[in-house]
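Below is entry35.tsv, holding TSV, C-alpha atoms and all ligand atoms.
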chain	number	residue	atom	x	y	z
A	273	MET	CA	-21.96	131.37	95.82
A	274	ILE	CA	-22.99	131.98	99.44
A	275	ILE	CA	-24.52	135.33	100.33
A	276	SER	CA	-24.62	136.37	103.98
A	277	GLY	CA	-27.16	138.70	105.47
A	278	TYR	CA	-30.21	138.94	107.66
A	279	PHE	CA	-33.54	137.16	107.43
A	280	HIS	CA	-36.74	138.97	108.49
A	281	PRO	CA	-39.77	136.68	109.09
A	282	PRO	CA	-43.09	137.96	107.73
A	283	HIS	CA	-44.86	140.64	109.81
A	284	SER	CA	-42.06	140.70	112.33
A	285	SER	CA	-39.38	143.16	113.28
A	286	GLU	CA	-37.04	140.34	114.35
A	287	LYS	CA	-34.06	139.44	112.28
A	288	TYR	CA	-31.74	136.46	112.16
A	289	ARG	CA	-28.37	135.85	110.64
A	290	ALA	CA	-28.92	133.97	107.40
A	291	GLU	CA	-27.22	132.70	104.28
A	292	ILE	CA	-28.46	132.14	100.76
A	293	LEU	CA	-26.97	129.47	98.57
A	294	ARG	CA	-27.69	129.19	94.87
A	295	LEU	CA	-28.47	125.52	94.25
A	296	SER	CA	-29.23	125.77	90.54
A	297	GLU	CA	-30.42	128.22	87.93
A	298	GLN	CA	-33.95	127.96	89.35
A	299	ARG	CA	-33.51	127.14	93.03
A	300	ILE	CA	-31.93	128.72	96.05
A	301	GLN	CA	-31.53	127.58	99.60
A	302	LEU	CA	-32.10	129.88	102.56
A	303	GLU	CA	-30.46	128.91	105.83
A	304	TYR	CA	-30.98	130.66	109.16
A	305	ASP	CA	-31.22	130.11	112.90
A	306	LEU	CA	-34.57	130.59	114.52
A	307	GLY	CA	-34.69	131.27	118.21
A	308	HIS	CA	-38.27	130.13	118.41
A	309	GLN	CA	-41.06	128.49	116.41
A	310	ALA	CA	-42.01	131.38	114.20
A	311	TYR	CA	-41.67	130.50	110.63
A	312	SER	CA	-43.57	127.95	108.62
A	313	ASP	CA	-42.30	126.83	105.26
A	314	SER	CA	-44.01	127.22	101.92
A	315	ASP	CA	-44.76	124.57	99.29
A	316	MET	CA	-41.22	124.88	98.09
A	317	CYS	CA	-39.77	124.56	101.55
A	318	SER	CA	-37.81	121.40	101.94
A	319	SER	CA	-37.81	121.24	105.71
A	320	ARG	CA	-39.98	122.38	108.58
A	321	CYS	CA	-38.37	124.74	111.07
A	322	ARG	CA	-38.75	124.15	114.73
A	323	ALA	CA	-37.77	126.09	117.83
A	324	ASN	CA	-34.07	126.50	118.30
A	325	GLU	CA	-33.40	124.60	115.11
A	326	HIS	CA	-31.17	125.44	112.29
A	327	CYS	CA	-33.64	126.04	109.50
A	328	ARG	CA	-33.20	125.41	105.82
A	329	THR	CA	-35.75	126.22	103.13
A	330	VAL	CA	-35.59	125.94	99.37
A	331	TRP	CA	-37.26	128.42	97.02
A	332	ARG	CA	-37.87	128.75	93.35
A	333	VAL	CA	-36.04	131.80	91.97
A	334	ASP	CA	-39.10	132.86	89.89
A	335	ASP	CA	-41.12	133.26	93.10
A	336	LEU	CA	-38.68	135.78	94.54
A	337	THR	CA	-38.53	139.50	93.92
A	338	LEU	CA	-35.29	141.44	94.04
A	339	SER	CA	-35.75	145.07	95.09
A	340	PRO	CA	-32.62	146.96	93.96
A	341	PRO	CA	-31.04	149.41	96.39
A	342	LEU	CA	-32.86	152.72	96.52
A	343	GLY	CA	-30.70	155.61	97.65
A	344	ARG	CA	-29.16	154.40	100.90
A	345	LEU	CA	-31.56	151.51	101.35
A	346	PRO	CA	-29.93	148.12	100.70
A	347	ALA	CA	-31.06	145.62	98.08
A	348	LYS	CA	-33.48	143.03	99.43
A	349	LEU	CA	-34.99	139.77	98.36
A	350	ASP	CA	-38.73	139.41	98.95
A	351	PHE	CA	-40.27	135.99	99.50
A	352	PRO	CA	-43.88	135.21	98.51
A	353	ASP	CA	-44.95	134.87	102.18
A	354	GLY	CA	-43.78	138.39	103.04
A	355	SER	CA	-40.43	137.48	104.57
A	356	GLN	CA	-37.28	139.24	103.43
A	357	PHE	CA	-33.58	138.68	103.09
A	358	ILE	CA	-31.22	141.64	103.26
A	359	ALA	CA	-27.67	140.92	102.18
A	360	ASP	CA	-24.64	142.35	103.96
A	361	GLU	CA	-23.50	143.48	100.54
A	362	SER	CA	-26.18	144.63	98.12
A	363	ALA	CA	-23.90	144.16	95.13
A	364	GLN	CA	-23.54	140.46	95.89
A	365	LEU	CA	-27.30	139.96	95.99
A	366	GLN	CA	-27.78	141.96	92.81
A	367	GLN	CA	-25.16	139.97	91.00
A	368	ALA	CA	-26.76	136.68	92.01
A	369	PHE	CA	-30.28	137.79	91.06
A	370	ARG	CA	-29.41	140.12	88.27
A	371	ASN	CA	-32.39	142.00	86.94
A	372	PRO	CA	-31.29	143.98	83.90
A	373	ARG	CA	-34.16	146.47	84.20
A	374	GLY	CA	-33.60	146.96	87.92
A	375	ALA	CA	-29.87	147.40	87.45
A	376	TRP	CA	-30.48	150.01	84.78
A	377	LEU	CA	-32.93	151.89	87.01
A	378	HIS	CA	-30.53	151.73	89.92
A	379	LYS	CA	-27.76	153.16	87.76
A	380	LEU	CA	-30.04	155.99	86.68
A	381	GLU	CA	-31.08	156.70	90.25
A	382	ARG	CA	-27.48	157.21	91.28
A	383	HIS	CA	-26.44	159.20	88.22
A	384	PHE	CA	-26.71	162.72	89.64
A	385	PRO	CA	-25.65	164.67	86.52
A	386	LEU	CA	-28.32	162.75	84.61
A	387	ILE	CA	-30.90	163.65	87.28
A	388	GLY	CA	-29.91	167.33	86.89
A	389	VAL	CA	-30.16	167.13	83.10
A	390	SER	CA	-33.57	165.45	83.45
A	391	PHE	CA	-34.82	168.30	85.66
A	392	VAL	CA	-33.59	170.91	83.16
A	393	ALA	CA	-35.15	168.97	80.25
A	394	LEU	CA	-38.44	168.67	82.15
A	395	PHE	CA	-38.40	172.41	82.91
A	396	LEU	CA	-37.65	173.26	79.26
A	397	CYS	CA	-40.45	170.96	78.09
A	398	GLY	CA	-42.80	172.80	80.46
A	399	VAL	CA	-41.68	176.21	79.19
A	400	LEU	CA	-42.00	175.11	75.54
A	401	PHE	CA	-45.43	173.65	76.22
A	402	PHE	CA	-46.72	176.85	77.82
A	403	ARG	CA	-45.03	179.12	75.26
A	404	TYR	CA	-45.89	177.26	72.04
A	405	GLY	CA	-48.03	174.19	72.81
A	406	MET	CA	-50.65	176.07	74.79
A	407	PRO	CA	-51.36	178.80	72.17
A	408	TRP	CA	-51.52	176.12	69.47
A	409	LEU	CA	-53.89	174.00	71.56
A	410	THR	CA	-55.94	177.10	72.45
A	411	ALA	CA	-56.37	178.12	68.79
A	412	GLY	CA	-57.35	174.51	67.96
A	413	VAL	CA	-59.96	174.34	70.74
A	414	VAL	CA	-61.42	177.75	69.75
A	415	GLN	CA	-61.70	176.53	66.14
A	416	VAL	CA	-63.70	173.44	67.06
A	417	LEU	CA	-65.93	175.06	69.70
A	418	PRO	CA	-69.50	175.51	68.42
A	419	PRO	CA	-70.38	179.22	67.87
A	420	GLN	CA	-73.05	178.94	70.58
A	421	VAL	CA	-70.27	178.79	73.19
A	422	ALA	CA	-68.92	182.22	72.16
A	423	GLU	CA	-72.49	183.56	72.17
A	424	ILE	CA	-73.32	182.20	75.63
A	425	VAL	CA	-70.00	183.39	77.09
A	426	GLY	CA	-70.49	186.87	75.56
A	427	GLU	CA	-74.07	187.19	76.85
A	428	GLN	CA	-73.06	185.98	80.30
A	429	VAL	CA	-70.17	188.46	80.51
A	430	LEU	CA	-72.34	191.40	79.39
A	431	ASP	CA	-74.96	190.38	81.98
A	432	THR	CA	-72.31	190.24	84.69
A	433	LEU	CA	-70.82	193.59	83.66
A	434	ASP	CA	-74.26	195.21	83.54
A	435	HIS	CA	-75.00	193.81	86.97
A	436	HIS	CA	-71.76	194.83	88.68
A	437	LEU	CA	-69.92	197.54	86.78
A	438	LEU	CA	-71.74	199.23	83.93
A	439	GLU	CA	-74.56	201.71	83.84
A	440	SER	CA	-76.89	202.76	81.01
A	441	SER	CA	-75.44	205.21	78.55
A	442	GLN	CA	-76.36	208.84	78.97
A	443	LEU	CA	-75.47	209.79	75.41
A	444	PRO	CA	-78.32	211.38	73.43
A	445	LEU	CA	-80.20	208.67	71.51
A	446	ALA	CA	-79.67	210.55	68.24
A	447	GLN	CA	-75.89	210.44	68.76
A	448	GLN	CA	-76.04	206.72	69.61
A	449	ALA	CA	-78.10	206.05	66.45
A	450	GLU	CA	-75.65	208.05	64.31
A	451	ILE	CA	-72.61	206.14	65.64
A	452	LYS	CA	-74.45	202.80	65.26
A	453	LEU	CA	-75.27	203.58	61.63
A	454	ARG	CA	-71.65	204.47	60.91
A	455	PHE	CA	-70.56	201.25	62.68
A	456	VAL	CA	-72.88	199.10	60.55
A	457	LYS	CA	-71.64	200.79	57.35
A	458	MET	CA	-68.03	200.31	58.43
A	459	VAL	CA	-68.55	196.60	59.25
A	460	ALA	CA	-70.17	196.13	55.81
A	461	GLN	CA	-66.90	197.27	54.20
A	462	LEU	CA	-64.79	194.75	56.15
A	463	PRO	CA	-64.19	191.09	55.27
A	464	PRO	CA	-66.71	188.79	57.06
A	465	LEU	CA	-65.97	188.44	60.79
A	466	PRO	CA	-66.30	185.14	62.71
A	467	VAL	CA	-69.34	186.51	64.60
A	468	GLU	CA	-71.80	189.29	63.76
A	469	PRO	CA	-70.63	192.50	65.52
A	470	GLN	CA	-73.09	194.53	67.58
A	471	LEU	CA	-72.47	197.93	69.12
A	472	HIS	CA	-73.59	198.73	72.70
A	473	PHE	CA	-73.28	201.97	74.65
A	474	ARG	CA	-72.61	201.95	78.37
A	475	ARG	CA	-71.26	204.24	81.07
A	476	TRP	CA	-68.35	203.26	83.34
A	477	GLN	CA	-66.34	205.27	85.84
A	478	ALA	CA	-63.07	203.54	84.91
A	479	GLY	CA	-62.16	205.93	82.11
A	480	PRO	CA	-62.56	206.16	78.34
A	481	ASN	CA	-62.40	202.74	76.76
A	482	ALA	CA	-64.16	200.12	74.66
A	483	LEU	CA	-64.44	196.35	75.04
A	484	ALA	CA	-65.02	193.47	72.67
A	485	LEU	CA	-66.82	190.33	73.85
A	486	SER	CA	-66.74	186.85	72.38
A	487	ASP	CA	-70.24	187.06	70.87
A	488	GLY	CA	-69.27	190.08	68.73
A	489	SER	CA	-70.51	192.71	71.18
A	490	VAL	CA	-68.49	195.91	71.10
A	491	ILE	CA	-69.15	198.01	74.19
A	492	VAL	CA	-68.25	201.68	73.97
A	493	PHE	CA	-68.16	203.81	77.11
A	494	ASP	CA	-69.69	207.28	77.01
A	495	SER	CA	-66.37	208.75	78.11
A	496	LEU	CA	-64.67	207.45	74.96
A	497	VAL	CA	-67.34	208.95	72.72
A	498	VAL	CA	-66.93	212.27	74.55
A	499	LEU	CA	-63.14	212.13	74.36
A	500	ALA	CA	-63.07	211.46	70.59
A	501	GLN	CA	-62.91	214.74	68.66
A	502	THR	CA	-63.79	213.31	65.23
A	503	PRO	CA	-65.82	210.30	63.98
A	504	ALA	CA	-62.64	208.82	62.49
A	505	GLN	CA	-60.90	208.88	65.88
A	506	LEU	CA	-63.77	206.94	67.49
A	507	ASP	CA	-63.91	204.54	64.51
A	508	SER	CA	-60.23	203.72	64.96
A	509	ILE	CA	-60.98	202.34	68.44
A	510	LEU	CA	-64.06	200.50	67.15
A	511	LEU	CA	-61.84	198.96	64.47
A	512	HIS	CA	-59.36	197.94	67.16
A	513	GLU	CA	-62.19	196.14	68.99
A	514	LEU	CA	-63.29	194.53	65.71
A	515	GLY	CA	-59.68	193.33	65.40
A	516	HIS	CA	-60.13	191.48	68.72
A	517	ILE	CA	-63.33	189.93	67.29
A	518	GLU	CA	-61.62	189.01	64.01
A	519	HIS	CA	-58.83	187.18	65.90
A	520	GLN	CA	-61.28	185.72	68.47
A	521	HIS	CA	-59.03	186.99	71.26
A	522	VAL	CA	-61.71	186.76	73.95
A	523	MET	CA	-62.46	183.09	73.36
A	524	LYS	CA	-58.73	182.37	73.02
A	525	SER	CA	-58.15	184.11	76.34
A	526	VAL	CA	-60.98	182.20	78.03
A	527	VAL	CA	-59.91	178.82	76.59
A	528	HIS	CA	-56.28	179.58	77.45
A	529	SER	CA	-57.25	180.31	81.06
A	530	ALA	CA	-59.35	177.16	81.21
A	531	LEU	CA	-56.49	175.05	79.82
A	532	LEU	CA	-54.09	176.69	82.24
A	533	SER	CA	-56.44	175.98	85.16
A	534	ALA	CA	-56.89	172.42	83.94
A	535	SER	CA	-53.10	171.94	83.69
A	536	ILE	CA	-52.65	173.30	87.21
A	537	ALA	CA	-55.53	171.10	88.42
A	538	VAL	CA	-53.85	168.03	86.90
A	539	VAL	CA	-50.53	168.85	88.56
A	540	THR	CA	-51.84	170.02	91.95
A	541	GLY	CA	-55.30	168.41	92.21
A	542	GLU	CA	-56.77	171.89	92.83
A	543	SER	CA	-59.77	172.48	90.56
A	544	THR	CA	-61.41	175.67	91.90
A	545	GLY	CA	-59.57	177.83	89.33
A	546	LEU	CA	-61.26	175.88	86.54
A	547	ILE	CA	-64.69	176.56	87.97
A	548	ASP	CA	-63.82	180.26	88.44
A	549	THR	CA	-62.80	180.50	84.80
A	550	PHE	CA	-66.29	179.58	83.67
A	551	THR	CA	-68.11	181.97	85.97
A	552	GLY	CA	-68.90	185.48	84.73
A	553	VAL	CA	-66.26	187.46	86.55
A	554	GLY	CA	-63.64	184.83	85.78
A	555	VAL	CA	-64.40	185.09	82.07
A	556	PHE	CA	-64.26	188.88	82.19
A	557	LEU	CA	-60.94	188.92	84.01
A	558	ALA	CA	-59.56	186.30	81.64
A	559	SER	CA	-60.66	188.29	78.61
A	560	GLN	CA	-59.08	191.46	80.03
A	561	GLY	CA	-55.74	189.70	80.23
A	562	TYR	CA	-55.15	190.19	76.51
A	563	SER	CA	-51.54	189.56	75.78
A	564	ARG	CA	-49.47	192.30	74.24
A	565	ASP	CA	-49.41	190.20	71.07
A	566	ALA	CA	-53.22	190.28	70.94
A	567	GLU	CA	-53.21	194.09	71.36
A	568	ARG	CA	-50.71	194.41	68.54
A	569	GLU	CA	-52.82	192.16	66.31
A	570	ALA	CA	-55.90	194.29	67.04
A	571	ASP	CA	-53.90	197.51	66.40
A	572	ASP	CA	-52.59	196.10	63.11
A	573	TYR	CA	-56.12	195.16	62.06
A	574	ALA	CA	-57.38	198.66	62.93
A	575	ALA	CA	-54.42	200.32	61.19
A	576	GLU	CA	-54.98	198.26	58.04
A	577	TYR	CA	-58.64	199.25	57.77
A	578	MET	CA	-58.02	202.87	58.84
A	579	LEU	CA	-55.74	203.05	55.79
A	580	THR	CA	-58.44	201.43	53.63
A	581	LEU	CA	-61.36	203.50	54.94
A	582	TYR	CA	-59.72	206.81	55.87
A	583	GLY	CA	-56.44	206.64	53.94
A	584	SER	CA	-54.41	207.24	57.11
A	585	THR	CA	-53.76	206.00	60.63
A	586	ARG	CA	-53.47	209.63	61.76
A	587	PRO	CA	-56.93	209.65	63.50
A	588	MET	CA	-55.91	206.53	65.44
A	589	ILE	CA	-52.64	208.14	66.53
A	590	GLU	CA	-54.57	211.24	67.63
A	591	MET	CA	-57.04	209.07	69.57
A	592	PHE	CA	-54.20	207.25	71.35
A	593	ALA	CA	-52.64	210.63	72.17
A	594	LEU	CA	-55.96	211.79	73.65
A	595	LEU	CA	-56.18	208.57	75.70
A	596	ALA	CA	-52.60	209.03	76.93
A	597	GLU	CA	-53.39	212.62	77.98
A	598	ASN	CA	-56.54	211.46	79.73
A	599	ILE	CA	-54.65	208.74	81.60
A	600	ALA	CA	-51.95	211.24	82.61
A	601	ALA	CA	-54.61	213.67	83.87
A	602	SER	CA	-56.44	211.00	85.89
A	603	HIS	CA	-53.09	209.75	87.18
A	604	HIS	CA	-52.37	213.21	88.45
A	605	ALA	CA	-55.83	213.45	90.03
A	606	THR	CA	-55.77	210.05	91.76
A	607	LYS	CA	-52.06	209.81	92.54
A	608	GLN	CA	-52.82	209.41	96.24
A	609	ASP	CA	-55.21	206.49	95.77
A	610	GLY	CA	-52.63	203.98	94.58
A	611	GLU	CA	-55.06	202.70	91.96
A	612	LEU	CA	-52.68	203.17	89.10
A	613	SER	CA	-49.84	201.02	87.90
A	614	ASP	CA	-46.32	202.33	87.39
A	615	ASP	CA	-46.85	203.39	83.80
A	616	GLY	CA	-49.76	205.60	84.78
A	617	ALA	CA	-52.44	203.37	83.25
A	618	PRO	CA	-55.28	202.10	85.43
A	619	THR	CA	-54.18	198.76	86.90
A	620	TRP	CA	-56.76	196.76	84.92
A	621	LEU	CA	-55.28	198.25	81.75
A	622	SER	CA	-51.67	197.61	82.72
A	623	THR	CA	-51.38	194.48	80.54
A	624	HIS	CA	-51.80	196.66	77.44
A	625	PRO	CA	-48.61	197.74	75.71
A	626	ALA	CA	-47.64	201.32	76.48
A	627	LEU	CA	-49.60	203.79	74.36
A	628	SER	CA	-46.39	205.52	73.25
A	629	GLU	CA	-45.12	202.21	71.84
A	630	ARG	CA	-48.42	201.67	70.02
A	631	ILE	CA	-48.39	205.20	68.58
A	632	GLU	CA	-44.85	204.61	67.30
A	633	ARG	CA	-45.96	201.43	65.52
A	634	LEU	CA	-48.89	203.26	63.94
A	635	GLN	CA	-46.60	206.04	62.73
A	636	GLN	CA	-44.44	203.41	61.04
A	637	ARG	CA	-47.57	202.00	59.33
A	638	ASN	CA	-48.40	205.49	58.09
A	639	GLU	CA	-44.95	205.95	56.61
A	640	LEU	CA	-45.22	202.59	54.87
A	641	PHE	CA	-48.43	203.76	53.28
B	1	ZN	ZN	-57.53	195.93	72.89
The structure in this file should be written as structure tokens.
Amino acid sequence: MIISGYFHPPHSSEKYRAEILRLSEQRIQLEYDLGHQAYSDSDMCSSRCRANEHCRTVWRVDDLTLSPPLGRLPAKLDFPDGSQFIADESAQLQQAFRNPRGAWLHKLERHFPLIGVSFVALFLCGVLFFRYGMPWLTAGVVQVLPPQVAEIVGEQVLDTLDHHLLESSQLPLAQQAEIKLRFVKMVAQLPPLPVEPQLHFRRWQAGPNALALSDGSVIVFDSLVVLAQTPAQLDSILLHELGHIEHQHVMKSVVHSALLSASIAVVTGESTGLIDTFTGVGVFLASQGYSRDAEREADDYAAEYMLTLYGSTRPMIEMFALLAENIAASHHATKQDGELSDDGAPTWLSTHPALSERIERLQQRNELF
């Protein structure tokens, strides 16, 4: 079989009409016209080419590399010295130097429906990984992390908060001591938690709330203590925070963010997000991004132990109603500032499920009881 095409000498943009002839299973002959002395033969070359001579070289097939056509680029045969032969018809060259793997790849490259299906499959794999793989991996990493990590992260976050956002509590010390005592007694009646809980009082302008940190710290803001009308109402929120500690939501949130940053860093080569995640503010922001599922888990935990300790979730429902009223009132007061999200909650709270939805769930728990 004779294959016609063009011959490109090594490191040259020139090309010459050429022909390839298959001599045997293992040898081919390349024939071309050189306009000048440009090309020297290799060990396998059977003749030396001179200026204006018809040149003929013989090559061992094993020394040659067939590059299959890529998109619109033709198939080409690469010689060990860097020269190339490009056939007039790629198919002819491919047939003569059939490479089963290359042919298969070429077929795949031109199979557009298959390319589309591959993209969809890749996208679905990504979605499944982030939806199910990531939480599973996160829970696994949190399990194997030494407890010191949760302690260090918790201490660092409290330091950062104290430095930037929180002020000392202005509640009377006697009231703080009374709530602390009740908290300790309440914790003693609960199953053991992954870390020892500790209650802290702080003041923050952002509105009545409480926070749980990874080291077991529960931070209660003065405004929440003031808003609560009964000890049981305040305890319901403390139990909610203990629910976050029981399920290790803060560490899960931090590890999840770190894994997410690491995944993005692997894909994009951008690693600053990973560093941010491990700095104080990054950890705090990550831990505030509790998913709705985490809030529900913490609510369920609180509801379960409100039923055990108080025989009802009613105080928790009342507390949520008070919080909703407070949010509505502050929404009304700061409507002009644009600091609130659409549902009326402060923007940093907007990831929490709507209070009305949470109250409804608690009412269902009460009926079950
Ligand atoms: Zn919460």
List as a VMD selection string the protein and nucleic acid residues lying within 12 Å of ligand ZN 1 (chain B), with only C-alpha atoms and all ligand atoms counted.
chain A and resid 481 to 485 490 to 491 508 to 522 559 to 574 592 621 to 627 630
Which residues come within 7 Å of range 350-356 of chain A, counting all atoms listed in the file, excluding same-chain residues fewer than 6 positions away, as a PyMOL selection string?
chain A and resi 279-282+335-338
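Of the listed residues A:Ala504, A:Val498, A:Val467, A:Leu396, the one whose atoms come nearest to Met523 in chain A is A:Val467, with distances taken using only C-alpha atoms.
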Excluding range 475-479 of chain A and any residue of its chain fewer than 3 positions from it, enumerate the residues within 6 Å of it, using all atoms listed in the file, and give them as a PyMOL selection string.
chain A and resi 438-441+493-494
Output file for the selection above: C-alpha atoms, as a CSV table (one decimal), in the frame of the given file:
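Wrote it out as part-v3.csv, contents follow:
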chain,number,residue,atom,x,y,z
A,438,LEU,CA,-71.7,199.2,83.9
A,439,GLU,CA,-74.6,201.7,83.8
A,440,SER,CA,-76.9,202.8,81.0
A,441,SER,CA,-75.4,205.2,78.6
A,493,PHE,CA,-68.2,203.8,77.1
A,494,ASP,CA,-69.7,207.3,77.0
Which residue gives the smallest distance to Thr580 in chain A among A:Pro480, A:Met458, A:Ser628, A:Leu595, with all atoms listed in the file counted?
A:Met458
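Taking only C-alpha atoms into account, Phe369 in chain A lies nearest to A:Ile275 out of the set A:Ile275, A:Leu430, A:Val414, A:Ala460.
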Close residues, Gly277 in chain A itself excluded, 12 Å, all atoms listed in the file, min 4 positions apart in chain, as an MDAnalysis selection string
chainID A and resid 287:293 302:304 346:349 356:362 364:365
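Picture a line from CA of Gln461 in chain A to CA of Ala575 in chain A; it runs 14.6 Å.
We find CA of Asp487 in chain A and CA of Tyr582 in chain A to be spaced 26.9 Å apart.
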